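Quick notes on the structure that follows.
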Amino acid sequence: MKTILSLTLASLILTFIALGSGAYNMAATDKHWGITEKIIEWVRESSIEARAKHLEVPPLDDAEVLLKGAEHYNAMCTTCHLAPGLKPTELSIGLYPQAPVFHQRESVDDPVKKLEHIRAYFWVIKNGLKMTAMPAWGLSHDDDSIWAMAAFVLKMSHMTPEQYENLISSAKDHSHDHEHSSH
């Protein structure tokens with residue numbers, strides 16, 4: 001038992017020395033090792049699921065909610081997550097990990113999966129994600145606005161540029177007291 005404990009301790013010390021020496025390249029242009037990527041993804045998904053699964057989802061079927069979400073998304077999210085018809089931006093190209101492009105995702109039809117997705121979207125939008133460039137919008141936005149963004153993100157699947165532009169135009173015609181200059 002002492003031998004196993006000694007080997008484990010020695011391995012940890014060598015790992016810390018190697019990592020502290022700069023051996024692991026943190027540049028966004030140098031992708032993680034495969035195992036590192038899988039571990040990070042597993043930890044991220046588990047963390048989001050554990051924190052989002054008990055969120056109470058408010059009614060989000062109202063057209064005003066979708067317009068409010070579209071307005072906020074257009075003002076705050078398109079630089080990284082893009083929008084239908086929008087080409088990748090300099091910022092979105094340089095992100096690692098890459099930000100999800102929601103309008104290219106498959107639509108979710110199962111009601112249980114929809115609830116899981118919308119809760120996860122809300123939690124991530126509100127709290128952000130470490131080491132991803134995803135900000136915590138909950139520091140500057142109320143929950144109603146964040147739920148609206150989450151609902152809009154869920155509806156973006158396979159949205160056409162025309163549909164997106166129509167929603168954005170409609171949102172501009174309605175007042176949601178959204179300060180675009182603060183973003």
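Going by the structure tokens order, chains are called A, B, ..., each with residues numbered from 1, while ligands are numbered from 1 in the order shown.
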Margin query: What parts of chain A does DSSP call helix (DSSP H, G or I)? I'd like the answer as an MDAnalysis selection string.
Written below: chainID A and resid 2:20 34:52 63:76 78:81 90:94 102:104 111:127 137:139 143:155 161:173 180:182
Margin query: Could you list, as a PyMOL selection string, every residue within 12 Å of A:Tyr164, counting only C-alpha atoms and ignoring same-chain residues fewer than 4 positions away?
Written below: chain A and resi 66-67+69-71+73-74+78+82-86+103+152-153+155-160+168-171
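Closest approach to A:Gly128 from the set A:Lys53, A:Lys31, A:Lys87, A:Arg44 is made by A:Arg44, with distances taken over only C-alpha atoms.
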Item checked: Residue nearest A:Glu56 among A:Ile125, A:Met131, A:Leu167, A:Ile118 (counting only C-alpha atoms) ->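 Going through A:Ile125, A:Met131, A:Leu167, A:Ile118 one by one, the smallest distance to A:Glu56 is for A:Ile118.
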Notebook entry, point to check: Any idea what's packed within 8 Å of stretch 138-145 of chain A, counting only C-alpha atoms, ignoring anything in its chain fewer than 4 positions away? Could you give it as a count of residues only?
Noted result: 7
Margin query: List the spatial neighbours of stretch 98-101 of chain A as a ChimeraX atom specification - criterion: any atom at most 9 Å away, only C-alpha atoms, same-chain residues fewer than 2 positions off excluded.
Written below: /A:80-83,92-96,103-105,132-134
Residues just named, written with N, CA and C atoms as a short mmCIF file (atom, residue, chain, number, x, y, z; two decimals), in the first residue's frame:
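Produced file result-v1.cif, reproduced below:
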data_model
loop_
_atom_site.label_atom_id
_atom_site.label_comp_id
_atom_site.auth_asym_id
_atom_site.auth_seq_id
_atom_site.Cartn_x
_atom_site.Cartn_y
_atom_site.Cartn_z
N CYS A 80 -20.64 35.69 -31.85
CA CYS A 80 -20.05 34.37 -31.57
C CYS A 80 -20.89 33.22 -32.13
N HIS A 81 -22.22 33.29 -31.92
CA HIS A 81 -23.10 32.18 -32.29
C HIS A 81 -23.69 32.33 -33.68
N LEU A 82 -23.45 33.46 -34.30
CA LEU A 82 -23.92 33.76 -35.65
C LEU A 82 -25.44 33.79 -35.71
N ALA A 83 -25.96 33.95 -36.92
CA ALA A 83 -27.39 33.97 -37.18
C ALA A 83 -27.59 33.48 -38.60
N SER A 92 -15.75 34.72 -33.95
CA SER A 92 -16.26 33.34 -33.91
C SER A 92 -15.24 32.35 -34.46
N ILE A 93 -14.47 32.76 -35.44
CA ILE A 93 -13.45 31.89 -36.03
C ILE A 93 -12.34 31.59 -35.02
N GLY A 94 -12.00 32.57 -34.19
CA GLY A 94 -10.89 32.43 -33.26
C GLY A 94 -11.24 31.78 -31.93
N LEU A 95 -12.51 31.47 -31.70
CA LEU A 95 -12.90 30.88 -30.42
C LEU A 95 -12.53 29.40 -30.35
N TYR A 96 -12.04 29.00 -29.18
CA TYR A 96 -11.83 27.58 -28.91
C TYR A 96 -12.15 27.34 -27.44
N HIS A 103 -28.69 27.93 -35.27
CA HIS A 103 -29.59 27.74 -36.41
C HIS A 103 -29.19 26.53 -37.26
N GLN A 104 -28.01 25.96 -37.02
CA GLN A 104 -27.59 24.76 -37.75
C GLN A 104 -27.87 23.48 -36.97
N ARG A 105 -28.34 23.59 -35.76
CA ARG A 105 -28.63 22.41 -34.94
C ARG A 105 -29.94 21.77 -35.36
N THR A 132 -14.64 29.62 -22.03
CA THR A 132 -15.29 29.47 -23.33
C THR A 132 -15.61 30.80 -23.99
N ALA A 133 -15.44 31.88 -23.31
CA ALA A 133 -15.82 33.22 -23.75
C ALA A 133 -17.32 33.47 -23.63
N MET A 134 -18.07 32.52 -23.05
CA MET A 134 -19.51 32.72 -22.84
C MET A 134 -19.70 33.52 -21.57
#
